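Trainee: Next comes coords-v5.cif, mmCIF, N, CA and C atoms:
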```cif
data_target
loop_
_atom_site.label_atom_id
_atom_site.label_comp_id
_atom_site.auth_asym_id
_atom_site.auth_seq_id
_atom_site.Cartn_x
_atom_site.Cartn_y
_atom_site.Cartn_z
N MET A 1 -0.50 3.58 7.95
CA MET A 1 -1.75 2.85 7.89
C MET A 1 -2.87 3.69 8.51
N THR A 2 -2.59 4.25 9.67
CA THR A 2 -3.62 5.03 10.35
C THR A 2 -3.97 6.27 9.55
N LEU A 3 -2.97 6.97 9.04
CA LEU A 3 -3.24 8.19 8.28
C LEU A 3 -3.94 7.87 6.96
N MET A 4 -3.61 6.77 6.33
CA MET A 4 -4.23 6.41 5.05
C MET A 4 -5.65 5.88 5.24
N SER A 5 -5.99 5.38 6.41
CA SER A 5 -7.30 4.78 6.63
C SER A 5 -8.43 5.78 6.41
N GLU A 6 -8.18 7.04 6.76
CA GLU A 6 -9.22 8.06 6.60
C GLU A 6 -9.56 8.26 5.12
N SER A 7 -8.56 8.12 4.23
CA SER A 7 -8.81 8.26 2.79
C SER A 7 -9.75 7.18 2.28
N TYR A 8 -9.74 6.03 2.93
CA TYR A 8 -10.58 4.91 2.50
C TYR A 8 -11.91 4.86 3.24
N GLY A 9 -12.20 5.87 4.07
CA GLY A 9 -13.48 5.93 4.75
C GLY A 9 -13.54 5.16 6.06
N ALA A 10 -12.41 4.69 6.55
CA ALA A 10 -12.39 3.95 7.81
C ALA A 10 -12.30 4.93 8.97
N ASP A 11 -12.65 4.47 10.15
CA ASP A 11 -12.52 5.29 11.36
C ASP A 11 -11.07 5.25 11.80
N MET A 12 -10.38 6.38 11.65
CA MET A 12 -8.95 6.46 11.94
C MET A 12 -8.64 6.03 13.37
N ARG A 13 -9.53 6.34 14.30
CA ARG A 13 -9.27 6.01 15.70
C ARG A 13 -9.27 4.51 15.93
N LEU A 14 -10.20 3.81 15.31
CA LEU A 14 -10.25 2.35 15.50
C LEU A 14 -9.08 1.67 14.78
N VAL A 15 -8.69 2.21 13.64
CA VAL A 15 -7.53 1.66 12.94
C VAL A 15 -6.28 1.86 13.80
N ALA A 16 -6.14 3.05 14.40
CA ALA A 16 -5.01 3.31 15.30
C ALA A 16 -5.02 2.34 16.47
N PHE A 17 -6.19 2.13 17.06
CA PHE A 17 -6.31 1.19 18.17
C PHE A 17 -5.86 -0.21 17.75
N MET A 18 -6.34 -0.67 16.60
CA MET A 18 -5.95 -2.02 16.14
C MET A 18 -4.45 -2.10 15.87
N GLN A 19 -3.88 -1.06 15.30
CA GLN A 19 -2.45 -1.06 15.00
C GLN A 19 -1.63 -1.08 16.29
N TYR A 20 -2.03 -0.29 17.28
CA TYR A 20 -1.30 -0.27 18.55
C TYR A 20 -1.40 -1.62 19.25
N VAL A 21 -2.56 -2.26 19.19
CA VAL A 21 -2.71 -3.59 19.78
C VAL A 21 -1.78 -4.58 19.07
N ARG A 22 -1.70 -4.49 17.75
CA ARG A 22 -0.81 -5.37 17.00
C ARG A 22 0.65 -5.15 17.39
N VAL A 23 1.05 -3.89 17.54
CA VAL A 23 2.43 -3.58 17.93
C VAL A 23 2.74 -4.16 19.30
N VAL A 24 1.83 -3.99 20.25
CA VAL A 24 2.04 -4.52 21.60
C VAL A 24 2.14 -6.04 21.55
N CYS A 25 1.25 -6.70 20.82
CA CYS A 25 1.29 -8.16 20.71
C CYS A 25 2.60 -8.64 20.09
N CYS A 26 3.04 -7.97 19.02
CA CYS A 26 4.30 -8.36 18.37
C CYS A 26 5.49 -8.15 19.31
N ALA A 27 5.49 -7.05 20.05
CA ALA A 27 6.58 -6.79 20.99
C ALA A 27 6.61 -7.84 22.09
N LEU A 28 5.45 -8.21 22.59
CA LEU A 28 5.40 -9.24 23.64
C LEU A 28 5.86 -10.59 23.12
N VAL A 29 5.42 -10.98 21.94
CA VAL A 29 5.83 -12.26 21.36
C VAL A 29 7.33 -12.26 21.07
N ALA A 30 7.85 -11.17 20.50
CA ALA A 30 9.28 -11.09 20.20
C ALA A 30 10.11 -11.17 21.48
N THR A 31 9.65 -10.51 22.53
CA THR A 31 10.35 -10.57 23.81
C THR A 31 10.34 -11.98 24.37
N ALA A 32 9.19 -12.64 24.30
CA ALA A 32 9.09 -14.00 24.82
C ALA A 32 9.97 -14.97 24.02
N VAL A 33 9.97 -14.84 22.70
CA VAL A 33 10.79 -15.72 21.86
C VAL A 33 12.27 -15.48 22.13
N ALA A 34 12.67 -14.21 22.24
CA ALA A 34 14.07 -13.90 22.52
C ALA A 34 14.49 -14.47 23.88
N ARG A 35 13.63 -14.34 24.86
CA ARG A 35 13.92 -14.87 26.20
C ARG A 35 14.03 -16.39 26.15
N PHE A 36 13.09 -17.03 25.44
CA PHE A 36 13.06 -18.49 25.34
C PHE A 36 14.29 -19.02 24.60
N MET A 37 14.73 -18.28 23.57
CA MET A 37 15.88 -18.71 22.76
C MET A 37 17.22 -18.36 23.41
N GLY A 38 17.18 -17.66 24.55
CA GLY A 38 18.40 -17.35 25.27
C GLY A 38 19.21 -16.21 24.68
N VAL A 39 18.54 -15.24 24.05
CA VAL A 39 19.23 -14.10 23.46
C VAL A 39 19.82 -13.23 24.57
N ASP A 40 21.07 -12.82 24.40
CA ASP A 40 21.74 -11.97 25.38
C ASP A 40 21.22 -10.54 25.22
N THR A 41 20.62 -10.01 26.25
CA THR A 41 20.04 -8.66 26.18
C THR A 41 20.92 -7.60 26.84
N SER A 42 22.16 -7.92 27.09
CA SER A 42 23.05 -6.96 27.74
C SER A 42 23.89 -6.21 26.71
N GLY A 43 23.31 -5.91 25.56
CA GLY A 43 24.02 -5.24 24.48
C GLY A 43 24.32 -3.79 24.81
N VAL A 44 25.05 -3.17 23.93
CA VAL A 44 25.45 -1.79 24.09
C VAL A 44 24.27 -0.88 23.77
N VAL A 45 24.03 0.10 24.62
CA VAL A 45 22.97 1.06 24.40
C VAL A 45 23.58 2.29 23.75
N VAL A 46 23.03 2.67 22.60
CA VAL A 46 23.53 3.84 21.88
C VAL A 46 22.70 5.05 22.27
N GLU A 47 23.35 6.09 22.76
CA GLU A 47 22.64 7.29 23.17
C GLU A 47 22.33 8.16 21.96
N THR A 48 21.11 8.71 21.92
CA THR A 48 20.71 9.59 20.83
C THR A 48 21.23 10.99 21.09
N VAL A 49 21.86 11.56 20.10
CA VAL A 49 22.29 12.96 20.17
C VAL A 49 21.15 13.78 19.57
N TRP A 50 20.39 14.46 20.41
CA TRP A 50 19.19 15.14 19.96
C TRP A 50 19.49 16.40 19.16
N PHE A 51 20.60 17.06 19.44
CA PHE A 51 20.90 18.32 18.76
C PHE A 51 22.29 18.28 18.13
N PRO A 52 22.46 17.42 17.09
CA PRO A 52 23.76 17.37 16.42
C PRO A 52 23.91 18.60 15.50
N PRO A 53 25.12 18.85 15.02
CA PRO A 53 25.27 19.92 14.02
C PRO A 53 24.42 19.58 12.79
N VAL A 54 23.76 20.59 12.24
CA VAL A 54 22.80 20.36 11.16
C VAL A 54 23.21 21.15 9.91
N ASP A 55 23.14 20.48 8.77
CA ASP A 55 23.30 21.14 7.47
C ASP A 55 21.93 21.67 7.06
N TRP A 56 21.66 22.95 7.36
CA TRP A 56 20.34 23.53 7.16
C TRP A 56 19.92 23.55 5.70
N LEU A 57 20.85 23.66 4.78
CA LEU A 57 20.51 23.64 3.36
C LEU A 57 19.93 22.27 2.98
N ALA A 58 20.53 21.21 3.51
CA ALA A 58 20.02 19.85 3.24
C ALA A 58 18.66 19.63 3.91
N VAL A 59 18.45 20.19 5.11
CA VAL A 59 17.16 20.07 5.79
C VAL A 59 16.08 20.79 4.98
N ILE A 60 16.40 21.98 4.49
CA ILE A 60 15.44 22.74 3.68
C ILE A 60 15.14 21.99 2.37
N GLY A 61 16.16 21.39 1.77
CA GLY A 61 15.95 20.59 0.56
C GLY A 61 15.06 19.39 0.82
N THR A 62 15.29 18.72 1.95
CA THR A 62 14.47 17.57 2.33
C THR A 62 13.02 17.99 2.54
N ALA A 63 12.83 19.11 3.24
CA ALA A 63 11.47 19.60 3.49
C ALA A 63 10.79 20.00 2.18
N ALA A 64 11.54 20.62 1.27
CA ALA A 64 10.97 21.03 -0.02
C ALA A 64 10.52 19.82 -0.83
N VAL A 65 11.36 18.79 -0.88
CA VAL A 65 10.99 17.56 -1.61
C VAL A 65 9.73 16.96 -1.00
N SER A 66 9.67 16.91 0.33
CA SER A 66 8.52 16.32 1.02
C SER A 66 7.24 17.10 0.72
N LEU A 67 7.32 18.41 0.83
CA LEU A 67 6.12 19.24 0.61
C LEU A 67 5.66 19.19 -0.84
N ILE A 68 6.58 19.25 -1.77
CA ILE A 68 6.21 19.19 -3.19
C ILE A 68 5.60 17.83 -3.53
N ALA A 69 6.22 16.76 -3.05
CA ALA A 69 5.68 15.42 -3.32
C ALA A 69 4.31 15.23 -2.67
N ALA A 70 4.12 15.75 -1.46
CA ALA A 70 2.81 15.66 -0.80
C ALA A 70 1.76 16.44 -1.58
N PHE A 71 2.13 17.61 -2.09
CA PHE A 71 1.21 18.42 -2.89
C PHE A 71 0.82 17.67 -4.17
N ILE A 72 1.80 17.07 -4.82
CA ILE A 72 1.52 16.29 -6.03
C ILE A 72 0.62 15.10 -5.71
N GLY A 73 0.91 14.41 -4.62
CA GLY A 73 0.07 13.28 -4.22
C GLY A 73 -1.36 13.68 -3.96
N GLN A 74 -1.55 14.87 -3.39
CA GLN A 74 -2.91 15.35 -3.13
C GLN A 74 -3.60 15.75 -4.43
N LYS A 75 -2.88 16.42 -5.32
CA LYS A 75 -3.48 16.86 -6.59
C LYS A 75 -3.83 15.68 -7.50
N LEU A 76 -3.06 14.61 -7.43
CA LEU A 76 -3.35 13.42 -8.25
C LEU A 76 -4.47 12.58 -7.67
N ARG A 77 -4.93 12.94 -6.47
CA ARG A 77 -6.02 12.23 -5.79
C ARG A 77 -5.71 10.74 -5.58
N ILE A 78 -4.47 10.46 -5.28
CA ILE A 78 -4.06 9.09 -4.96
C ILE A 78 -4.45 8.84 -3.51
N PRO A 79 -5.14 7.72 -3.21
CA PRO A 79 -5.44 7.44 -1.81
C PRO A 79 -4.13 7.35 -0.99
N GLY A 80 -4.04 8.17 0.02
CA GLY A 80 -2.82 8.20 0.82
C GLY A 80 -1.68 8.90 0.10
N GLY A 81 -1.97 9.59 -0.99
CA GLY A 81 -0.94 10.23 -1.81
C GLY A 81 -0.04 11.20 -1.06
N PRO A 82 -0.61 12.08 -0.21
CA PRO A 82 0.26 13.01 0.52
C PRO A 82 1.23 12.30 1.47
N LEU A 83 0.96 11.07 1.81
CA LEU A 83 1.87 10.29 2.64
C LEU A 83 2.81 9.43 1.78
N LEU A 84 2.25 8.83 0.73
CA LEU A 84 3.03 7.90 -0.09
C LEU A 84 3.99 8.57 -1.07
N MET A 85 3.58 9.69 -1.66
CA MET A 85 4.44 10.35 -2.65
C MET A 85 5.76 10.83 -2.04
N PRO A 86 5.77 11.48 -0.87
CA PRO A 86 7.06 11.83 -0.27
C PRO A 86 7.90 10.60 0.06
N LEU A 87 7.24 9.50 0.43
CA LEU A 87 7.96 8.26 0.71
C LEU A 87 8.68 7.76 -0.54
N PHE A 88 7.96 7.72 -1.66
CA PHE A 88 8.56 7.26 -2.91
C PHE A 88 9.61 8.23 -3.43
N ALA A 89 9.34 9.53 -3.30
CA ALA A 89 10.32 10.53 -3.73
C ALA A 89 11.60 10.41 -2.91
N GLY A 90 11.45 10.27 -1.61
CA GLY A 90 12.62 10.11 -0.74
C GLY A 90 13.39 8.85 -1.05
N LEU A 91 12.68 7.77 -1.34
CA LEU A 91 13.33 6.51 -1.70
C LEU A 91 14.12 6.67 -2.99
N ALA A 92 13.51 7.31 -3.98
CA ALA A 92 14.20 7.51 -5.26
C ALA A 92 15.43 8.40 -5.09
N ILE A 93 15.31 9.45 -4.31
CA ILE A 93 16.44 10.35 -4.08
C ILE A 93 17.55 9.64 -3.32
N LYS A 94 17.18 8.87 -2.32
CA LYS A 94 18.17 8.14 -1.53
C LYS A 94 18.90 7.10 -2.38
N MET A 95 18.15 6.38 -3.21
CA MET A 95 18.75 5.31 -4.02
C MET A 95 19.64 5.88 -5.13
N THR A 96 19.29 7.03 -5.67
CA THR A 96 20.09 7.61 -6.75
C THR A 96 21.20 8.51 -6.22
N GLY A 97 21.10 8.95 -4.98
CA GLY A 97 22.13 9.80 -4.40
C GLY A 97 22.12 11.22 -4.95
N VAL A 98 20.98 11.67 -5.45
CA VAL A 98 20.87 13.00 -6.03
C VAL A 98 21.19 14.08 -5.01
N MET A 99 20.68 13.92 -3.81
CA MET A 99 20.93 14.89 -2.74
C MET A 99 20.83 14.18 -1.40
N PRO A 100 21.43 14.74 -0.36
CA PRO A 100 21.30 14.11 0.95
C PRO A 100 19.93 14.42 1.56
N LEU A 101 19.34 13.43 2.19
CA LEU A 101 18.09 13.63 2.93
C LEU A 101 18.46 13.76 4.40
N VAL A 102 18.16 14.90 4.99
CA VAL A 102 18.59 15.18 6.36
C VAL A 102 17.39 15.61 7.20
N LEU A 103 17.18 14.91 8.29
CA LEU A 103 16.18 15.29 9.28
C LEU A 103 16.84 15.21 10.65
N PRO A 104 16.95 16.33 11.34
CA PRO A 104 17.53 16.28 12.69
C PRO A 104 16.64 15.43 13.61
N PRO A 105 17.22 14.73 14.57
CA PRO A 105 16.43 13.88 15.46
C PRO A 105 15.31 14.63 16.19
N TRP A 106 15.55 15.86 16.59
CA TRP A 106 14.52 16.62 17.31
C TRP A 106 13.33 16.93 16.41
N LEU A 107 13.58 17.19 15.12
CA LEU A 107 12.50 17.47 14.18
C LEU A 107 11.70 16.19 13.90
N LEU A 108 12.39 15.08 13.79
CA LEU A 108 11.71 13.80 13.59
C LEU A 108 10.83 13.47 14.79
N ALA A 109 11.36 13.68 16.01
CA ALA A 109 10.58 13.42 17.23
C ALA A 109 9.35 14.33 17.29
N LEU A 110 9.51 15.60 16.93
CA LEU A 110 8.36 16.52 16.92
C LEU A 110 7.33 16.09 15.89
N SER A 111 7.78 15.59 14.75
CA SER A 111 6.85 15.11 13.72
C SER A 111 6.05 13.92 14.21
N TYR A 112 6.73 12.96 14.82
CA TYR A 112 6.03 11.80 15.38
C TYR A 112 5.06 12.22 16.47
N ALA A 113 5.47 13.16 17.31
CA ALA A 113 4.59 13.63 18.38
C ALA A 113 3.35 14.31 17.79
N GLY A 114 3.54 15.12 16.75
CA GLY A 114 2.40 15.79 16.12
C GLY A 114 1.41 14.81 15.53
N ILE A 115 1.92 13.78 14.86
CA ILE A 115 1.03 12.75 14.29
C ILE A 115 0.32 12.00 15.41
N GLY A 116 1.07 11.62 16.43
CA GLY A 116 0.47 10.89 17.56
C GLY A 116 -0.59 11.70 18.28
N TRP A 117 -0.30 12.96 18.54
CA TRP A 117 -1.28 13.81 19.20
C TRP A 117 -2.49 14.05 18.30
N GLY A 118 -2.24 14.21 17.00
CA GLY A 118 -3.35 14.42 16.07
C GLY A 118 -4.32 13.24 16.06
N ILE A 119 -3.79 12.05 16.18
CA ILE A 119 -4.65 10.86 16.21
C ILE A 119 -5.24 10.67 17.61
N GLY A 120 -4.39 10.77 18.62
CA GLY A 120 -4.84 10.52 19.99
C GLY A 120 -5.88 11.48 20.48
N MET A 121 -5.81 12.74 20.06
CA MET A 121 -6.79 13.73 20.53
C MET A 121 -8.17 13.52 19.92
N ARG A 122 -8.28 12.63 18.95
CA ARG A 122 -9.59 12.33 18.35
C ARG A 122 -10.33 11.25 19.12
N PHE A 123 -9.66 10.61 20.07
CA PHE A 123 -10.32 9.58 20.85
C PHE A 123 -11.27 10.23 21.85
N THR A 124 -12.50 9.77 21.85
CA THR A 124 -13.51 10.26 22.79
C THR A 124 -13.86 9.11 23.73
N PRO A 125 -14.55 9.38 24.84
CA PRO A 125 -14.97 8.28 25.71
C PRO A 125 -15.80 7.22 24.98
N ASP A 126 -16.63 7.65 24.03
CA ASP A 126 -17.43 6.67 23.27
C ASP A 126 -16.54 5.76 22.42
N VAL A 127 -15.53 6.35 21.78
CA VAL A 127 -14.62 5.55 20.96
C VAL A 127 -13.82 4.60 21.85
N LEU A 128 -13.36 5.07 23.00
CA LEU A 128 -12.61 4.20 23.91
C LEU A 128 -13.48 3.05 24.41
N SER A 129 -14.74 3.32 24.68
CA SER A 129 -15.67 2.26 25.10
C SER A 129 -15.86 1.24 23.99
N HIS A 130 -16.05 1.73 22.76
CA HIS A 130 -16.20 0.83 21.61
C HIS A 130 -14.93 0.00 21.40
N ALA A 131 -13.77 0.64 21.55
CA ALA A 131 -12.50 -0.07 21.39
C ALA A 131 -12.33 -1.14 22.46
N ALA A 132 -12.73 -0.84 23.68
CA ALA A 132 -12.64 -1.83 24.76
C ALA A 132 -13.52 -3.04 24.47
N HIS A 133 -14.70 -2.79 23.91
CA HIS A 133 -15.58 -3.91 23.55
C HIS A 133 -15.05 -4.69 22.35
N ALA A 134 -14.31 -4.00 21.47
CA ALA A 134 -13.75 -4.65 20.28
C ALA A 134 -12.44 -5.37 20.56
N LEU A 135 -11.81 -5.10 21.70
CA LEU A 135 -10.50 -5.68 22.00
C LEU A 135 -10.44 -7.20 21.86
N PRO A 136 -11.39 -7.96 22.41
CA PRO A 136 -11.31 -9.42 22.22
C PRO A 136 -11.34 -9.85 20.75
N ARG A 137 -12.12 -9.16 19.93
CA ARG A 137 -12.20 -9.53 18.50
C ARG A 137 -10.95 -9.08 17.76
N VAL A 138 -10.31 -8.01 18.22
CA VAL A 138 -9.07 -7.56 17.59
C VAL A 138 -7.95 -8.55 17.90
N CYS A 139 -7.90 -9.00 19.15
CA CYS A 139 -6.85 -9.94 19.57
C CYS A 139 -7.10 -11.36 19.06
N PHE A 140 -8.34 -11.75 19.02
CA PHE A 140 -8.71 -13.11 18.62
C PHE A 140 -9.81 -13.06 17.57
N PRO A 141 -9.47 -12.75 16.31
CA PRO A 141 -10.51 -12.65 15.29
C PRO A 141 -11.19 -14.00 15.06
N PRO A 142 -12.47 -13.97 14.70
CA PRO A 142 -13.17 -15.23 14.46
C PRO A 142 -12.61 -15.95 13.24
N CYS A 143 -12.56 -17.25 13.32
CA CYS A 143 -12.08 -18.06 12.18
C CYS A 143 -13.23 -18.24 11.19
N ARG A 144 -12.88 -18.25 9.93
CA ARG A 144 -13.92 -18.43 8.91
C ARG A 144 -13.77 -19.77 8.27
#
```
Take the structure in this file and express it as structure tokens.
Mentor:
Amino acid sequence: MTLMSESYGADMRLVAFMQYVRVVCCALVATAVARFMGVDTSGVVVETVWFPPVDWLAVIGTAAVSLIAAFIGQKLRIPGGPLLMPLFAGLAIKMTGVMPLVLPPWLLALSYAGIGWGIGMRFTPDVLSHAAHALPRVCFPPCR
């Protein structure tokens, strides 16, 4: 949503702010509902193996599909195409079983960090001030 907002002329930073506020609100509500309903939270914690053995040929194939689909999405001038085309290509490949899609956990974490830093580093004191003033309207939009 945040990455696609720039294609539509929206301020990516404010969209990111609104999305993060929504995530926090949903997490708080889900936690409260789970607590109220008596959900047992003492479940098993699964540890992430950050550096498992990797099939590098499958990783290269996954990266190639992603890059080619992103290039096609950009050339077709689809709003959000460089983001959506790899998503659809990956879905089609996964559903048909044509090839394995492999992303090591460390590469996925680096990708998320790169996107997060790319968005977060665009925040300026002026944008943060505007976001702080917009917070009540984001949390409690006016009824029409």
Trainee: Identify, with DSSP run on backbone atoms, the residues in segment 12-134 of chain A assigned to helix (DSSP H, G or I), and express the list as a ChimeraX atom specification.
Mentor: /A:12-36,56-75,81-96,105-120,125-134
Trainee: Given only C-alpha atoms as the basis, pick out the residue of A:Met85, A:Met4, A:Arg13, A:Phe51 nearest to Asp126 of chain A.
Mentor: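 Closest to Asp126 of chain A, using only C-alpha atoms: A:Arg13.
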Trainee: At a cut-off of 12 Å around the point (-9.8, 1.5, 18.2) (file coordinates), what residues fall inside when counting only C-alpha atoms? I'd like the answer as a VMD selection string.
Mentor: chain A and resid 2 10 to 22 119 to 120 122 to 139
Trainee: With a distance cut-off of 9 Å and only C-alpha atoms, select the neighbouring residues of segment 53-66 of chain A, excluding the residue or stretch itself and same-chain residues fewer than 2 positions from it, and output the selection as a ChimeraX atom specification.
Mentor: /A:51,68-71,82,85-87,89-90,99-104
Trainee: In Å to one decimal, how far is atom C of Thr48 of chain A from atom CA of Leu107 of chain A?
Mentor: 12.9 Å
